[in-house]
Structure formats: structure tokens, C-alpha cells
file input.cif (mmCIF, C-alpha atoms)
data_work
#
loop_
_atom_site.label_atom_id
_atom_site.label_comp_id
_atom_site.auth_asym_id
_atom_site.auth_seq_id
_atom_site.Cartn_x
_atom_site.Cartn_y
_atom_site.Cartn_z
CA MET A 1 135.13 132.81 188.67
CA ASP A 2 132.68 131.52 186.07
CA PHE A 3 133.90 130.49 182.62
CA ASP A 4 132.74 132.87 179.92
CA PRO A 5 131.85 130.91 176.72
CA SER A 6 132.21 134.04 174.65
CA TRP A 7 136.01 133.77 174.87
CA LEU A 8 135.83 130.36 173.26
CA LEU A 9 133.81 131.74 170.40
CA ILE A 10 136.40 134.48 169.88
CA SER A 11 139.55 132.28 170.28
CA LEU A 12 138.52 129.55 167.81
CA PRO A 13 138.32 131.86 164.77
CA VAL A 14 141.54 133.57 165.83
CA ALA A 15 143.35 130.23 166.13
CA PHE A 16 142.01 129.15 162.74
CA VAL A 17 143.21 132.36 161.08
CA LEU A 18 146.67 132.08 162.67
CA GLY A 19 146.98 128.44 161.62
CA TRP A 20 145.89 129.27 158.10
CA LEU A 21 148.45 132.09 157.88
CA ALA A 22 151.22 129.84 159.24
CA SER A 23 150.42 127.10 156.74
CA ARG A 24 150.40 129.56 153.87
CA PHE A 25 153.81 130.81 154.97
CA ASP A 26 155.23 127.25 155.11
CA ILE A 27 153.76 126.38 151.72
CA ARG A 28 155.24 129.52 150.16
CA GLN A 29 158.63 128.78 151.69
CA LEU A 30 158.50 125.20 150.47
CA ARG A 31 157.44 126.25 146.99
CA LEU A 32 160.21 128.82 146.89
CA GLU A 33 162.84 126.26 147.89
CA ASN A 34 161.48 123.70 145.45
CA ARG A 35 161.56 126.26 142.66
CA GLN A 36 165.15 127.22 143.46
CA ALA A 37 166.44 123.63 143.49
CA PRO A 38 165.02 122.63 140.08
CA LYS A 39 166.17 125.90 138.54
CA ALA A 40 169.74 125.25 139.67
CA TYR A 41 169.48 121.62 138.55
CA PHE A 42 168.16 122.45 135.07
CA ARG A 43 170.70 125.24 134.72
CA GLY A 44 173.45 122.78 135.50
CA LEU A 45 172.01 120.28 133.04
CA ASN A 46 171.94 122.95 130.35
CA PHE A 47 175.60 123.82 131.02
CA LEU A 48 176.47 120.15 130.89
CA LEU A 49 174.80 119.65 127.53
CA ASN A 50 176.75 122.63 126.22
CA GLU A 51 179.97 121.09 127.57
CA GLN A 52 180.45 123.97 130.01
CA GLN A 53 181.59 121.82 132.90
CA ASP A 54 182.80 124.63 135.16
CA GLN A 55 179.41 126.37 135.11
CA ALA A 56 177.63 123.01 135.46
CA ILE A 57 179.61 122.22 138.61
CA ASP A 58 178.73 125.59 140.12
CA ALA A 59 175.04 125.07 139.36
CA PHE A 60 175.03 121.57 140.85
CA ILE A 61 176.81 122.78 143.97
CA GLU A 62 174.07 125.37 144.37
CA ALA A 63 171.42 122.69 143.90
CA VAL A 64 173.07 120.45 146.49
CA GLN A 65 173.18 123.32 148.97
CA ASN A 66 169.45 123.95 148.44
CA ASP A 67 168.62 120.25 148.75
CA PRO A 68 171.45 118.42 150.58
CA ASP A 69 169.43 115.19 150.84
CA THR A 70 169.31 114.55 147.07
CA GLN A 71 171.61 111.62 146.30
CA GLU A 72 171.37 111.95 142.52
CA LEU A 73 172.82 115.45 142.62
CA HIS A 74 175.75 114.17 144.66
CA PHE A 75 176.39 111.39 142.15
CA ALA A 76 176.18 113.82 139.24
CA LEU A 77 178.56 116.21 140.97
CA GLY A 78 181.05 113.45 141.82
CA ASN A 79 181.05 112.16 138.25
CA LEU A 80 181.65 115.67 136.93
CA PHE A 81 184.60 116.14 139.26
CA ARG A 82 186.06 112.80 138.11
CA ARG A 83 185.63 113.68 134.43
CA ARG A 84 187.46 116.95 134.99
CA GLY A 85 190.31 115.17 136.76
CA GLU A 86 189.46 116.72 140.15
CA TYR A 87 189.74 113.37 141.88
CA GLN A 88 190.09 114.68 145.43
CA ARG A 89 186.81 116.57 145.18
CA ALA A 90 185.12 113.52 143.64
CA VAL A 91 186.43 111.36 146.51
CA ARG A 92 185.08 113.83 149.08
CA VAL A 93 181.61 113.80 147.47
CA HIS A 94 181.39 110.01 147.40
CA GLU A 95 182.87 109.59 150.87
CA HIS A 96 180.28 112.09 152.15
CA LEU A 97 177.56 109.92 150.61
CA LEU A 98 178.98 106.78 152.23
CA GLY A 99 179.04 108.56 155.58
CA ARG A 100 175.31 109.19 155.54
CA GLY A 101 173.25 106.89 157.74
CA ASP A 102 170.03 107.24 155.73
CA LEU A 103 171.53 105.98 152.46
CA SER A 104 169.82 102.93 150.97
CA ARG A 105 171.79 99.75 150.31
CA SER A 106 171.56 100.26 146.55
CA ASP A 107 172.85 103.84 146.75
CA ARG A 108 175.58 102.78 149.18
CA GLU A 109 176.85 100.17 146.73
CA ARG A 110 176.68 102.74 143.95
CA ALA A 111 178.66 105.25 146.00
CA GLN A 112 181.25 102.58 146.88
CA HIS A 113 181.64 101.74 143.19
CA ALA A 114 181.97 105.43 142.28
CA LEU A 115 184.61 105.89 144.99
CA ALA A 116 186.59 102.96 143.61
CA GLN A 117 186.45 104.55 140.14
CA ASP A 118 187.77 107.81 141.63
CA PHE A 119 190.79 106.01 143.08
CA LEU A 120 191.39 104.10 139.84
CA ARG A 121 191.35 107.24 137.71
CA ALA A 122 193.62 108.97 140.19
CA GLY A 123 196.13 106.10 139.99
CA LEU A 124 195.78 105.29 143.70
CA LEU A 125 195.83 101.55 143.10
CA ASP A 126 196.13 100.47 146.75
CA ARG A 127 193.09 102.49 147.78
CA ALA A 128 191.24 101.41 144.64
CA GLU A 129 191.95 97.78 145.46
CA ALA A 130 190.55 98.19 149.00
CA ALA A 131 187.44 99.96 147.67
CA LEU A 132 186.85 97.33 144.98
CA GLN A 133 187.15 94.45 147.42
CA LYS A 134 184.22 95.90 149.39
CA LEU A 135 182.02 95.38 146.31
CA GLU A 136 182.24 91.59 146.60
CA GLY A 137 178.72 90.20 146.77
CA THR A 138 177.09 93.30 145.27
CA ARG A 139 175.62 93.98 141.84
CA TYR A 140 178.98 95.53 140.90
CA GLU A 141 180.88 92.35 141.76
CA ASN A 142 181.95 91.29 138.26
CA GLU A 143 182.84 94.83 137.24
CA ALA A 144 184.91 95.19 140.40
CA ARG A 145 186.67 91.89 139.70
CA LEU A 146 187.59 93.06 136.21
CA SER A 147 189.10 96.23 137.67
CA LEU A 148 190.95 94.21 140.31
CA LEU A 149 192.27 91.91 137.59
CA ALA A 150 193.61 94.90 135.66
CA ILE A 151 195.27 96.25 138.83
CA TYR A 152 196.97 92.94 139.64
CA GLU A 153 198.15 92.46 136.05
CA ARG A 154 199.53 95.98 135.84
CA SER A 155 201.42 95.54 139.12
CA ARG A 156 202.51 92.00 138.09
CA GLU A 157 200.88 90.34 141.11
CA TRP A 158 200.22 87.15 139.17
CA ALA A 159 199.00 84.95 142.02
CA GLN A 160 196.27 87.46 142.95
CA ALA A 161 195.44 87.95 139.26
CA ALA A 162 195.05 84.19 138.86
CA ASP A 163 192.63 84.02 141.82
CA VAL A 164 190.45 86.82 140.44
CA ALA A 165 190.49 85.35 136.92
CA GLN A 166 189.37 82.01 138.33
CA LYS A 167 186.39 83.67 140.04
CA LEU A 168 185.49 85.41 136.78
CA ASP A 169 185.78 82.11 134.94
CA GLU A 170 183.48 80.43 137.44
CA SER A 171 180.88 83.20 137.04
CA ASP A 172 180.20 81.96 133.47
CA GLN A 173 180.26 85.53 132.12
CA ALA A 174 183.11 84.67 129.72
CA SER A 175 185.98 82.23 129.37
CA TYR A 176 189.22 83.25 131.07
CA SER A 177 191.11 79.98 130.58
CA THR A 178 193.71 81.45 128.20
CA ARG A 179 194.24 84.44 130.46
CA ARG A 180 194.65 82.16 133.47
CA ALA A 181 197.21 80.16 131.50
CA HIS A 182 199.14 83.38 130.90
CA HIS A 183 199.14 84.07 134.65
CA LEU A 184 200.57 80.60 135.30
CA CYS A 185 203.23 81.15 132.63
CA GLU A 186 204.19 84.47 134.24
CA GLN A 187 204.53 82.75 137.61
CA ALA A 188 206.60 80.00 135.96
CA THR A 189 208.92 82.64 134.49
CA GLU A 190 209.45 84.05 137.99
CA ARG A 191 210.17 80.55 139.31
CA VAL A 192 212.76 79.99 136.57
CA ALA A 193 214.44 83.29 137.43
CA ALA A 194 214.55 82.19 141.07
CA GLY A 195 216.07 78.81 140.10
CA ASP A 196 212.98 76.76 140.98
CA LEU A 197 212.76 74.73 137.76
CA PRO A 198 210.55 71.91 139.17
CA GLY A 199 208.06 74.49 140.46
CA ALA A 200 208.04 76.20 137.07
CA ALA A 201 207.42 72.86 135.33
CA LYS A 202 204.34 72.18 137.52
CA LEU A 203 202.90 75.59 136.71
CA LEU A 204 203.43 75.06 132.98
CA VAL A 205 201.71 71.66 133.11
CA ALA A 206 198.70 73.37 134.69
CA ALA A 207 198.83 76.11 132.03
CA VAL A 208 198.80 73.54 129.20
CA ASP A 209 195.82 71.79 130.80
CA LEU A 210 193.94 75.09 131.05
CA ALA A 211 194.58 76.24 127.47
CA PRO A 212 195.82 73.33 125.30
CA GLN A 213 195.29 75.35 122.10
CA ALA A 214 197.26 78.39 123.29
CA PRO A 215 200.84 78.59 122.00
CA ARG A 216 202.52 80.20 124.99
CA PRO A 217 202.34 77.33 127.52
CA ALA A 218 203.83 74.91 124.99
CA ILE A 219 206.55 77.36 123.93
CA ASP A 220 207.53 78.05 127.55
CA THR A 221 207.46 74.31 128.27
CA ALA A 222 209.79 73.61 125.34
CA ASN A 223 212.19 76.34 126.47
CA LEU A 224 212.27 74.83 129.97
CA GLN A 225 212.81 71.32 128.59
CA LEU A 226 215.65 72.60 126.43
CA ARG A 227 217.15 74.34 129.46
CA ASN A 228 216.96 71.06 131.41
CA GLY A 229 218.83 69.30 128.60
CA ASP A 230 215.86 67.30 127.31
CA ALA A 231 216.11 68.38 123.67
CA ASN A 232 214.00 65.49 122.34
CA ALA A 233 211.08 66.41 124.61
CA ALA A 234 211.39 70.06 123.61
CA PHE A 235 211.38 69.12 119.93
CA ASP A 236 208.33 66.87 120.33
CA THR A 237 206.49 69.62 122.23
CA LEU A 238 207.04 72.12 119.43
CA VAL A 239 206.18 69.63 116.68
CA ALA A 240 202.84 69.00 118.40
CA LEU A 241 202.34 72.75 118.73
CA SER A 242 202.89 73.22 114.99
CA ASP A 243 199.69 71.23 114.44
CA THR A 244 197.57 73.10 117.02
CA ALA A 245 198.99 76.59 116.43
CA PRO A 246 200.70 76.69 113.01
CA LEU A 247 200.36 80.46 112.64
CA ALA A 248 202.51 80.99 115.74
CA LEU A 249 205.46 79.08 114.22
CA PRO A 250 207.53 82.27 113.62
CA LEU A 251 207.63 82.75 117.40
CA TYR A 252 209.25 79.38 118.10
CA ALA A 253 211.01 78.53 114.83
CA ALA A 254 214.41 79.44 116.32
CA THR A 255 213.75 77.30 119.42
CA LEU A 256 212.64 74.42 117.18
CA GLN A 257 215.90 74.72 115.23
CA GLN A 258 217.97 74.73 118.43
CA ALA A 259 216.14 71.70 119.82
CA ALA A 260 216.56 69.85 116.52
CA VAL A 261 220.31 70.46 116.48
CA ALA A 262 220.66 69.37 120.13
CA ALA A 263 218.57 66.23 119.50
CA HIS A 264 220.23 65.50 116.12
CA ARG A 265 216.86 65.71 114.33
CA GLU A 266 217.73 68.37 111.78
CA ALA A 267 216.10 66.55 108.86
CA ASP A 268 212.73 66.31 110.65
CA ALA A 269 212.88 69.97 111.62
CA LEU A 270 213.80 71.11 108.11
CA ALA A 271 210.95 69.14 106.56
CA LEU A 272 208.48 70.63 109.04
CA LEU A 273 209.72 74.18 108.49
CA GLN A 274 209.62 73.80 104.71
CA ARG A 275 206.05 72.53 104.82
CA ARG A 276 204.85 75.35 107.06
CA TYR A 277 206.81 77.96 105.09
CA VAL A 278 204.94 77.02 101.92
CA GLU A 279 201.65 77.57 103.77
CA SER A 280 202.71 80.90 105.32
CA PRO A 281 206.09 82.42 104.35
CA SER A 282 207.91 84.17 107.20
CA ILE A 283 211.39 85.61 107.64
CA ASP A 284 211.76 83.89 111.03
CA VAL A 285 210.87 80.47 109.60
CA LEU A 286 213.21 81.13 106.66
CA GLU A 287 216.14 81.95 108.93
CA ALA A 288 215.52 78.80 110.99
CA MET A 289 215.71 76.78 107.74
CA ILE A 290 218.91 78.54 106.70
CA ALA A 291 220.42 77.83 110.13
CA LEU A 292 219.68 74.14 109.49
CA GLY A 293 221.47 74.37 106.13
CA GLY A 294 218.37 74.37 103.95
CA THR A 295 216.16 76.66 101.91
CA PRO A 296 212.46 76.64 101.07
CA SER A 297 213.15 74.30 98.13
CA ALA A 298 215.92 72.16 99.64
CA THR A 299 215.43 68.61 100.96
CA ALA A 300 217.43 66.46 103.34
CA GLU A 301 218.50 64.20 100.46
CA ALA A 302 219.49 67.12 98.20
CA PRO A 303 220.47 70.05 100.37
CA ASP A 304 221.01 73.39 98.73
CA PRO A 305 224.74 74.10 98.43
CA ALA A 306 224.08 77.79 99.14
CA PRO A 307 221.51 78.13 101.95
CA ARG A 308 221.76 81.92 101.73
CA ASP A 309 219.97 81.67 98.40
CA GLY A 310 216.89 81.06 100.51
CA TYR A 311 216.68 84.83 100.85
CA ILE A 312 216.43 85.09 97.05
CA ALA A 313 213.65 82.49 97.07
CA HIS A 314 211.86 84.52 99.72
CA LEU A 315 212.18 87.70 97.63
CA ALA A 316 210.59 85.86 94.69
CA GLN A 317 207.44 85.40 96.81
CA GLN A 318 207.21 88.75 98.53
CA PRO A 319 209.29 91.97 98.63
CA SER A 320 211.36 92.13 101.79
CA LEU A 321 214.03 94.67 102.62
CA VAL A 322 215.11 92.45 105.53
CA ALA A 323 215.70 89.44 103.26
CA ALA A 324 217.54 91.63 100.72
CA SER A 325 219.76 93.07 103.44
CA ARG A 326 220.58 89.60 104.84
CA TRP A 327 221.50 88.33 101.38
CA LEU A 328 223.65 91.35 100.55
CA ALA A 329 225.54 90.94 103.84
CA GLY A 330 227.32 87.85 102.46
CA GLU A 331 227.93 89.07 98.95
CA ARG A 332 231.12 90.52 97.54
CA PHE A 333 231.03 93.53 95.22
CA GLU A 334 233.40 95.40 92.94
CA HIS A 335 233.82 98.25 95.44
CA GLU A 336 234.12 96.02 98.49
CA GLN A 337 235.66 98.82 100.57
CA PHE A 338 232.27 100.52 100.67
CA HIS A 339 230.32 97.41 101.59
CA PRO A 340 230.50 97.87 105.42
CA GLN A 341 229.07 101.41 105.23
CA VAL A 342 226.29 100.32 102.89
CA GLN A 343 225.50 97.32 105.09
CA ARG A 344 225.30 99.45 108.23
CA ALA A 345 222.84 101.75 106.49
CA LEU A 346 220.71 98.78 105.42
CA ASP A 347 220.77 97.27 108.91
CA GLN A 348 219.69 100.61 110.35
CA ALA A 349 216.83 100.82 107.86
CA THR A 350 215.62 97.26 108.48
CA ARG A 351 215.72 97.41 112.29
CA PRO A 352 212.25 99.02 112.62
CA LEU A 353 210.87 96.46 110.17
CA MET A 354 211.84 93.63 112.51
CA ARG A 355 209.67 94.93 115.34
CA TYR A 356 206.36 93.52 116.52
CA ARG A 357 203.32 95.81 116.63
CA CYS A 358 200.34 95.59 118.96
CA ALA A 359 197.12 95.33 116.95
CA ALA A 360 195.17 97.06 119.73
CA CYS A 361 197.23 100.20 120.39
CA GLY A 362 200.07 100.17 117.83
CA PHE A 363 202.87 99.88 120.43
CA GLU A 364 206.00 98.54 118.73
CA ALA A 365 208.83 96.56 120.29
CA HIS A 366 211.74 94.40 119.15
CA GLN A 367 210.68 91.81 121.72
CA TYR A 368 207.45 89.85 121.36
CA PHE A 369 205.04 90.56 124.22
CA TRP A 370 202.17 88.33 125.25
CA HIS A 371 200.92 91.19 127.45
CA CYS A 372 201.16 94.57 125.72
CA PRO A 373 203.02 97.08 127.94
CA GLY A 374 201.15 99.90 126.21
CA CYS A 375 197.47 98.98 126.47
CA GLN A 376 197.72 95.94 128.80
CA ALA A 377 195.92 93.71 126.25
CA TRP A 378 196.69 89.99 126.04
CA ASP A 379 197.64 88.25 122.78
CA SER A 380 197.32 91.50 120.87
CA TYR A 381 200.63 91.11 118.98
CA PRO A 382 200.47 89.23 115.68
CA PRO A 383 203.29 86.64 115.53
CA ARG A 384 204.82 88.36 112.50
CA ARG A 385 207.20 91.26 112.05
CA VAL A 386 206.06 94.73 111.04
CA GLU A 387 207.40 94.23 107.51
CA GLU A 388 205.16 91.15 107.07
CA LEU A 389 201.91 92.70 108.29
#
call {"tool": "encode", "arguments": {"input": "input.cif", "output": "C-alpha cells"}}
result
Amino acid sequence: MDFDPSWLLISLPVAFVLGWLASRFDIRQLRLENRQAPKAYFRGLNFLLNEQQDQAIDAFIEAVQNDPDTQELHFALGNLFRRRGEYQRAVRVHEHLLGRGDLSRSDRERAQHALAQDFLRAGLLDRAEAALQKLEGTRYENEARLSLLAIYERSREWAQAADVAQKLDESDQASYSTRRAHHLCEQATERVAAGDLPGAAKLLVAAVDLAPQAPRPAIDTANLQLRNGDANAAFDTLVALSDTAPLALPLYAATLQQAAVAAHREADALALLQRRYVESPSIDVLEAMIALGGTPSATAEAPDPAPRDGYIAHLAQQPSLVAASRWLAGERFEHEQFHPQVQRALDQATRPLMRYRCAACGFEAHQYFWHCPGCQAWDSYPPRRVEEL
């Protein structure tokens, strides 16, 4: 059978028309889908700007369904879930991103960081720790280390905290020497509690070398020396500290007084306390002087016959309900039978004034904290009582 060229002439136009129709259909479908995705996206953005997070989430979910390959929509949706406290949904979004094989390295690191933030906000510290450790060597490395440091400090894992702080210190982003010294002091405290005094002493030596200007390593060293019966060494340690950190004297004035008594160096201690008290009056320094039998104006050659009058001298410089209450406690009055009731009321009123207050979050405590239990900040407590602030 011979080939008829007329069929070729007919089929070519037909094929062209069919191809043109098919392409027009695909273009319309693509345009329709592209119009739907941006509409949902912009609607979600509008809801977000109006702080309508529920409606924004619904709009972004619709946009993700229309265009499941858009990473930015997934990140936006995950962040919205986290902000609303829906941590499980945020985790699912970011884990879905990490499970994709076509994700770029940059987006994978970003998703890993977002997943770690989900676990942190949810309080799942173990899972957050594992997620943060995977960010080592990425652009989120330092941020991940800071989060790991906060986790270890909160859970009191001081050895791990010290390792992370050392890495941060070596990165030259900021100095962490004082913070590392705190970690060593915390480990030394644990060694003392376990009865390992030599191990605690080694840690404190390292802490002093790291932060020679910080008061805590020297104070902890003096306490350990006093515990070991070396009162002279403890006294010398605190005398040296009074030159490097004079403003912290109220924190160790009582320890200085105890070391002076044990080492029979009361006159030296009293002279030091009097000199520092003149520079910066403090109720703690005053009471250490009174315990040594002196007052702000007394000397070793001419001691004050009534050390309690030191409270009166303190009141002459600044009003203090604590000092007034301590002075009244030893006085005798015409209606002495009512003195105990009055004194109990005064003691009750002055108890809050003897607290320490965190300058970062306002958390108050009768005990001085180097690491605030409220906001987890270091060295945020002024070394003075609430009444003196």
C-alpha cells in the first residue's frame, strides 16, 4: 500500500492544535495553583500582622498544602506553633523538614536549630541537648553552645558546663573566665560535701588562676583553709581579697572575723574592718567589728567599752531599722516586761530587710547566691542587704 502524503498534511496541524490546547491547560492550571498559594500566604501574613495567630496558622497550613515543597512556609508555621506553645506540632513540622532528602545543607542546619528551640521551650532538656549537640560545626555552633551551657547550669552538671564554657572562651566571642571559675567553685563545693578536701583545694587553685579578681574563689578558698585548721592562711587570703574586691567585704566579713579570732590576729582584722567601713558602711562589716569588741571609731589601743554603741554610730551615718533593732535588743526599759514582745515584732519587721535581692530579676533570698535561682544569672546579687540598696 502506498503512503498517502495528504495524511501527513492533515495530522501535523491537528497535532499542533492538540499540543497548543494541552499547553494552555497546563499553564492555566499552574497559574491557578500559583495564585492560590500566594493568596493563602498573604492572608496568613495579614492575620499575623493583626496578631490573629489561629487564623494565620490555618492560612499557612493551606499554603503548605498547595505548595508542600516551600521550606519557608514550613519554618513560618513551625515558629508560629512554638510561639503559641504548641510544641508537639512545631516538632512535627521541623522533623518533617529534616526528613526531606532534597533539603539544602543551610536549611537542614536551620531546621535542626529550630527543632532544638522547640525542645528547649517545651522543657525537654535531654532531647534539646541531643539536638543542640548536632549543631557543632555549623553556623549555629556558638548559639547552640550557649543553650547547652544554660542547660548544664540549670541541671547542675558543672563538669559539662565547664567544658562548654571553655569552648566558648576559646572562640574569642567573649570572656568566660569568671563563669568558668564559678563552675570550678561549684565542683569544689561538691568535693567538700563528699569529703574530698584535697580535690576541692586543687579546683579552687584553678579557679583563682582563672579569675584572680573575682571574690568567690578566694572566699571559698579561705573557708576551706579555715575548715582545715589553717586560720592564718585563711586570714591572709581574705586580707589580700580586701584589696582586689573591697566592695565584696560584707560577704566575707564574718569569715574574716572568725579567722582572726582563730589566728589571734583580732587587732589586724579590726583595723582592716574599720578602714573599709569608713569607705563603705555596711551592717555586716559593723557586726564583724562588734564581734571583735570594737566599733567604727574604736582602736586596738583604746577599745570602746560598749561595742554595741557601734549600732548608734551606724545610725548616725544612715537610717537602719536593723541597726536600731540590734541596739534595742540589749537595752533595758522601764516596762521591761513588754520588751520581748516588742523585740519579736522588730525582728519580724527587719527579717525581710536582711535579704539579698537579684538585680536582674528581683528574686530575694536570705542566703547570698552567686547563681540566681530565679533567672539563672551569675553575679547578679549585690553584696549588700535589701535595706542598704
call {"tool": "atom_distance", "arguments": {"input": "input.cif", "atom1": "CA of Phe119 in chain A", "atom2": "CA of Tyr87 in chain A"}}
result
7.5 Å
call {"tool": "closest_residue", "arguments": {"input": "input.cif", "among": "A:Ala200, A:Val261, A:Ile219, A:Val205", "to": "Ala245 in chain A", "atoms": "all atoms listed in the file"}}
result
A:Ile219
call {"tool": "closest_residue", "arguments": {"input": "input.cif", "among": "A:Glu266, A:Glu279, A:Asp309, A:Asp379", "to": "Pro215 in chain A", "atoms": "all atoms listed in the file"}}
result
A:Asp379
call {"tool": "closest_residue", "arguments": {"input": "input.cif", "among": "A:Arg216, A:Gln133, A:Gln187, A:Leu272", "to": "Glu157 in chain A", "atoms": "all atoms listed in the file"}}
result
A:Gln187
call {"tool": "atom_distance", "arguments": {"input": "input.cif", "atom1": "CA of Asp243 in chain A", "atom2": "CA of Ala267 in chain A"}}
result
18.0 Å
call {"tool": "resolve_selection", "arguments": {"input": "input.cif", "expression": "the PyMOL selection byres ((chain A and resi 178) around 7)", "output": "list in words"}}
result
Tyr176, Ser177, Arg179, Arg180, Ala181, His182, Leu210, Ala211 and Ala214 of chain A
call {"tool": "residues_around", "arguments": {"input": "input.cif", "residues": "Gly362 in chain A", "least_positions_apart": "3", "cutoff": "10 Å", "atoms": "all atoms listed in the file", "output": "list in words"}}
result
Tyr356, Arg357, Cys358, Ala359, Ala365, Cys372, Gly374, Cys375, Ser380 and Tyr381 of chain A
call {"tool": "atom_distance", "arguments": {"input": "input.cif", "atom1": "CA of Met354 in chain A", "atom2": "CA of Gln257 in chain A"}}
result
19.5 Å
call {"tool": "resolve_selection", "arguments": {"input": "input.cif", "expression": "the PyMOL selection byres ((chain A and resi 223) around 10)", "output": "list in words"}}
result
Pro217, Ala218, Ile219, Asp220, Thr221, Ala222, Leu224, Gln225, Leu226, Arg227, Asn228, Gly229, Asp230, Ala231, Ala234, Phe235, Thr237, Leu238, Tyr252, Thr255, Leu256 and Ala259 of chain A
